[in-house]
Amino acid sequence: MSAILTVKDLGISFGSNHVLKSVNFQLNEGEVLGVIGPNGAGKTVMLNVLTGILKPTKGTITFEGKEISKEGITDRCKGGIGRTFQVPRPFEKMTVFENIMVGGVFGGRMSEKQAKEEALRVAETIGLSDKLSLFAGKLGLLDRKRLEIGRALATQPKILLLDEVGGGLTESEVESIIQLVKTVKAQGVSVIWIEHIIRTMLEGTDRVLLLADGVDVVCGKPMEVMNSKEVSRVYMGGGDDEA
Ligand SMILES: Nc1ncnc2c1ncn2[C@@H]1O[C@H](COP(=O)(O)OP(=O)(O)O)[C@@H](O)[C@H]1O
Ligand SMILES: [Mg+2]
């Protein structure tokens, strides 16, 4: 299987807080890789390093065979790395359609006409075609999460990075997000999906990586990782009953 993204010996520290010590993994072309780990494990930090918001202290990130660790946020987005934020922050006073358009324009590879067509296609994918003219501020949490994914998709990413899109949702809502991620995957996008709650990952991913103590503790088939002694060790005793 060929890797679209390879992360080697990635580390980042904030003063004496060594959040990521040495993280190693690869994302295969067309797969959904789940990343789990307890609160504070550095999942969001890792995503911020991958998108260029934070600078790593060490290590390399290779995307489609090219080292991108030194590239800025805009170049990485234009190059095909899209992401969502843990707390969705749409432009509340703009419509759903306009919010998706902003994503496409920021991605910067399209004319306005193309961006409009693409926005309509994305709205269809995320299931918000009938809410195009609603103000984003009026959307409920599930639709906000869908829109958050839509804004990232509008940049036409090759890799989509999802930060806890299942958080705060009911079980049936999470199910609809899982289906959405499957649709995105079927469109040929590779996905890294961070989630604090492990059960979501069982159905929604091809492989799961456990991030804890600043390293990639274990990575493999979702069920194997779920049943591994490493997951019991990391999630036990932390008072983490959501897992
Ligand atoms: N910009 C930052 N500056 C300093 N410390 C940070 C910064 N961002 C995150 N951290 C620290 O990194 C650690 C991991 O945070 P985070 O990645 O948000 O965890 P999670 O796995 O829950 O997403 C926490 O201890 C947090 O305080
Ligand atoms: Mg986080």
# chains A, B, ... in the order shown; residues from 1 in each chain; ligands from 1

$ closest_atom_pairs --of "chain A" --to "ligand 1" --cutoff "8 Å" --atoms "only C-alpha atoms and all ligand atoms" --output "Markdown table"
| residue | atom | partner | partner_atom_place_in_ligand_line | distance |
| --- | --- | --- | --- | --- |
| A:Ser13 | CA | ligand 1 | 5 (N) | 7.9 |
| A:Phe14 | CA | ligand 1 | 4 (C) | 5.1 |
| A:Gly15 | CA | ligand 1 | 4 (C) | 7.9 |
| A:Asn17 | CA | ligand 1 | 25 (O) | 7.1 |
| A:Val19 | CA | ligand 1 | 12 (O) | 5.4 |
| A:Gly37 | CA | ligand 1 | 21 (O) | 6.2 |
| A:Pro38 | CA | ligand 1 | 21 (O) | 6.1 |
| A:Asn39 | CA | ligand 1 | 22 (O) | 3.7 |
| A:Gly40 | CA | ligand 1 | 19 (O) | 3.3 |
| A:Ala41 | CA | ligand 1 | 21 (O) | 3.8 |
| A:Gly42 | CA | ligand 1 | 17 (O) | 3.1 |
| A:Lys43 | CA | ligand 1 | 21 (O) | 3.7 |
| A:Thr44 | CA | ligand 1 | 17 (O) | 3.7 |
| A:Val45 | CA | ligand 1 | 17 (O) | 3.8 |
| A:Met46 | CA | ligand 1 | 17 (O) | 6.5 |
| A:Leu47 | CA | ligand 1 | 17 (O) | 8.0 |
| A:Leu54 | CA | ligand 1 | 1 (N) | 7.5 |
| A:His196 | CA | ligand 1 | 22 (O) | 7.6 |

$ write_last_selection --atoms "N, CA and C atoms" --output "PDB file, in the first residue's frame"
ATOM      1  N   SER A  13       7.551  20.434  21.779  1.00  0.00           N
ATOM      2  CA  SER A  13       7.543  20.749  23.212  1.00  0.00           C
ATOM      3  C   SER A  13       7.110  22.185  23.410  1.00  0.00           C
ATOM      4  N   PHE A  14       6.396  22.423  24.485  1.00  0.00           N
ATOM      5  CA  PHE A  14       6.103  23.798  24.909  1.00  0.00           C
ATOM      6  C   PHE A  14       6.848  23.991  26.215  1.00  0.00           C
ATOM      7  N   GLY A  15       7.995  24.648  26.184  1.00  0.00           N
ATOM      8  CA  GLY A  15       8.832  24.744  27.374  1.00  0.00           C
ATOM      9  C   GLY A  15       9.237  23.346  27.813  1.00  0.00           C
ATOM     10  N   ASN A  17       7.084  21.090  28.679  1.00  0.00           N
ATOM     11  CA  ASN A  17       5.979  20.162  28.391  1.00  0.00           C
ATOM     12  C   ASN A  17       6.223  19.484  27.036  1.00  0.00           C
ATOM     13  N   VAL A  19       4.984  17.513  24.684  1.00  0.00           N
ATOM     14  CA  VAL A  19       3.664  16.966  24.313  1.00  0.00           C
ATOM     15  C   VAL A  19       3.806  15.790  23.338  1.00  0.00           C
ATOM     16  N   GLY A  37      -6.813   8.685  21.854  1.00  0.00           N
ATOM     17  CA  GLY A  37      -5.891   8.994  22.942  1.00  0.00           C
ATOM     18  C   GLY A  37      -6.627   9.815  23.975  1.00  0.00           C
ATOM     19  N   PRO A  38      -6.188   9.735  25.228  1.00  0.00           N
ATOM     20  CA  PRO A  38      -6.894  10.456  26.284  1.00  0.00           C
ATOM     21  C   PRO A  38      -6.820  11.968  26.092  1.00  0.00           C
ATOM     22  N   ASN A  39      -7.674  12.686  26.808  1.00  0.00           N
ATOM     23  CA  ASN A  39      -7.619  14.144  26.781  1.00  0.00           C
ATOM     24  C   ASN A  39      -6.224  14.627  27.129  1.00  0.00           C
ATOM     25  N   GLY A  40      -5.728  15.569  26.342  1.00  0.00           N
ATOM     26  CA  GLY A  40      -4.415  16.125  26.627  1.00  0.00           C
ATOM     27  C   GLY A  40      -3.270  15.317  26.054  1.00  0.00           C
ATOM     28  N   ALA A  41      -3.578  14.249  25.294  1.00  0.00           N
ATOM     29  CA  ALA A  41      -2.526  13.387  24.733  1.00  0.00           C
ATOM     30  C   ALA A  41      -1.726  14.099  23.635  1.00  0.00           C
ATOM     31  N   GLY A  42      -2.296  15.164  23.083  1.00  0.00           N
ATOM     32  CA  GLY A  42      -1.591  15.879  22.017  1.00  0.00           C
ATOM     33  C   GLY A  42      -2.176  15.629  20.636  1.00  0.00           C
ATOM     34  N   LYS A  43      -3.410  15.162  20.581  1.00  0.00           N
ATOM     35  CA  LYS A  43      -4.050  14.865  19.291  1.00  0.00           C
ATOM     36  C   LYS A  43      -4.245  16.142  18.466  1.00  0.00           C
ATOM     37  N   THR A  44      -4.818  17.154  19.112  1.00  0.00           N
ATOM     38  CA  THR A  44      -5.036  18.414  18.395  1.00  0.00           C
ATOM     39  C   THR A  44      -3.704  19.074  18.042  1.00  0.00           C
ATOM     40  N   VAL A  45      -2.751  18.992  18.961  1.00  0.00           N
ATOM     41  CA  VAL A  45      -1.418  19.544  18.685  1.00  0.00           C
ATOM     42  C   VAL A  45      -0.831  18.874  17.439  1.00  0.00           C
ATOM     43  N   MET A  46      -0.976  17.547  17.354  1.00  0.00           N
ATOM     44  CA  MET A  46      -0.438  16.836  16.183  1.00  0.00           C
ATOM     45  C   MET A  46      -1.093  17.333  14.906  1.00  0.00           C
ATOM     46  N   LEU A  47      -2.404  17.527  14.971  1.00  0.00           N
ATOM     47  CA  LEU A  47      -3.110  18.016  13.793  1.00  0.00           C
ATOM     48  C   LEU A  47      -2.626  19.421  13.411  1.00  0.00           C
ATOM     49  N   LEU A  54       1.388  24.867  14.025  1.00  0.00           N
ATOM     50  CA  LEU A  54       2.473  24.777  15.003  1.00  0.00           C
ATOM     51  C   LEU A  54       3.719  24.198  14.343  1.00  0.00           C
ATOM     52  N   HIS A 196     -11.926  11.185  20.619  1.00  0.00           N
ATOM     53  CA  HIS A 196     -11.631  10.812  22.000  1.00  0.00           C
ATOM     54  C   HIS A 196     -12.374   9.527  22.364  1.00  0.00           C
TER      55      HIS A 196
END

$ closest_atom_pairs --of "stretch 59-119 of chain A" --to "stretch 159-172 of chain A" --cutoff "7 Å" --atoms "only C-alpha atoms" --output "tab-separated table"
residue	atom	partner	partner_atom	distance
A:Gly80	CA	A:Ile159	CA	6.3
A:Ile81	CA	A:Ile159	CA	5.0
A:Gly82	CA	A:Leu160	CA	4.8
A:Arg83	CA	A:Leu161	CA	4.4
A:Thr84	CA	A:Leu162	CA	5.2
A:Phe85	CA	A:Asp163	CA	5.8
A:Gln86	CA	A:Asp163	CA	4.9

$ write_last_selection --atoms "N, CA, C and O atoms" --output "PDB file, in the first residue's frame"
ATOM      1  N   GLY A  80      -3.294  20.419  -0.656  1.00  0.00           N
ATOM      2  CA  GLY A  80      -4.271  19.342  -0.515  1.00  0.00           C
ATOM      3  C   GLY A  80      -4.468  18.788   0.883  1.00  0.00           C
ATOM      4  O   GLY A  80      -4.983  17.688   1.050  1.00  0.00           O
ATOM      5  N   ILE A  81      -4.063  19.568   1.905  1.00  0.00           N
ATOM      6  CA  ILE A  81      -4.334  19.127   3.274  1.00  0.00           C
ATOM      7  C   ILE A  81      -5.445  19.993   3.865  1.00  0.00           C
ATOM      8  O   ILE A  81      -5.262  21.187   4.091  1.00  0.00           O
ATOM      9  N   GLY A  82      -6.618  19.401   4.062  1.00  0.00           N
ATOM     10  CA  GLY A  82      -7.762  20.129   4.624  1.00  0.00           C
ATOM     11  C   GLY A  82      -8.027  19.672   6.034  1.00  0.00           C
ATOM     12  O   GLY A  82      -7.680  18.551   6.402  1.00  0.00           O
ATOM     13  N   ARG A  83      -8.633  20.531   6.863  1.00  0.00           N
ATOM     14  CA  ARG A  83      -8.881  20.141   8.247  1.00  0.00           C
ATOM     15  C   ARG A  83     -10.168  20.778   8.785  1.00  0.00           C
ATOM     16  O   ARG A  83     -10.644  21.775   8.285  1.00  0.00           O
ATOM     17  N   THR A  84     -10.666  20.143   9.850  1.00  0.00           N
ATOM     18  CA  THR A  84     -11.767  20.753  10.595  1.00  0.00           C
ATOM     19  C   THR A  84     -11.234  21.154  11.960  1.00  0.00           C
ATOM     20  O   THR A  84     -10.181  20.681  12.385  1.00  0.00           O
ATOM     21  N   PHE A  85     -11.959  22.034  12.640  1.00  0.00           N
ATOM     22  CA  PHE A  85     -11.578  22.432  13.983  1.00  0.00           C
ATOM     23  C   PHE A  85     -12.473  21.746  15.011  1.00  0.00           C
ATOM     24  O   PHE A  85     -13.637  21.469  14.737  1.00  0.00           O
ATOM     25  N   GLN A  86     -11.877  21.467  16.190  1.00  0.00           N
ATOM     26  CA  GLN A  86     -12.610  20.734  17.233  1.00  0.00           C
ATOM     27  C   GLN A  86     -13.902  21.470  17.606  1.00  0.00           C
ATOM     28  O   GLN A  86     -14.936  20.860  17.765  1.00  0.00           O
TER      29      GLN A  86
END

$ closest_residue --among "A:Val234, A:Val35, A:Ala136, A:Ile4" --to "A:Leu209" --atoms "only C-alpha atoms"
A:Val35

$ atom_distance --atom1 "atom CA of A:Lys182" --atom2 "atom CA of A:Ile126"
11.3 Å

$ closest_residue --among "A:Lys221, A:Ala154, A:Glu173, A:Val49" --to "A:Gly140" --atoms "only C-alpha atoms"
A:Glu173
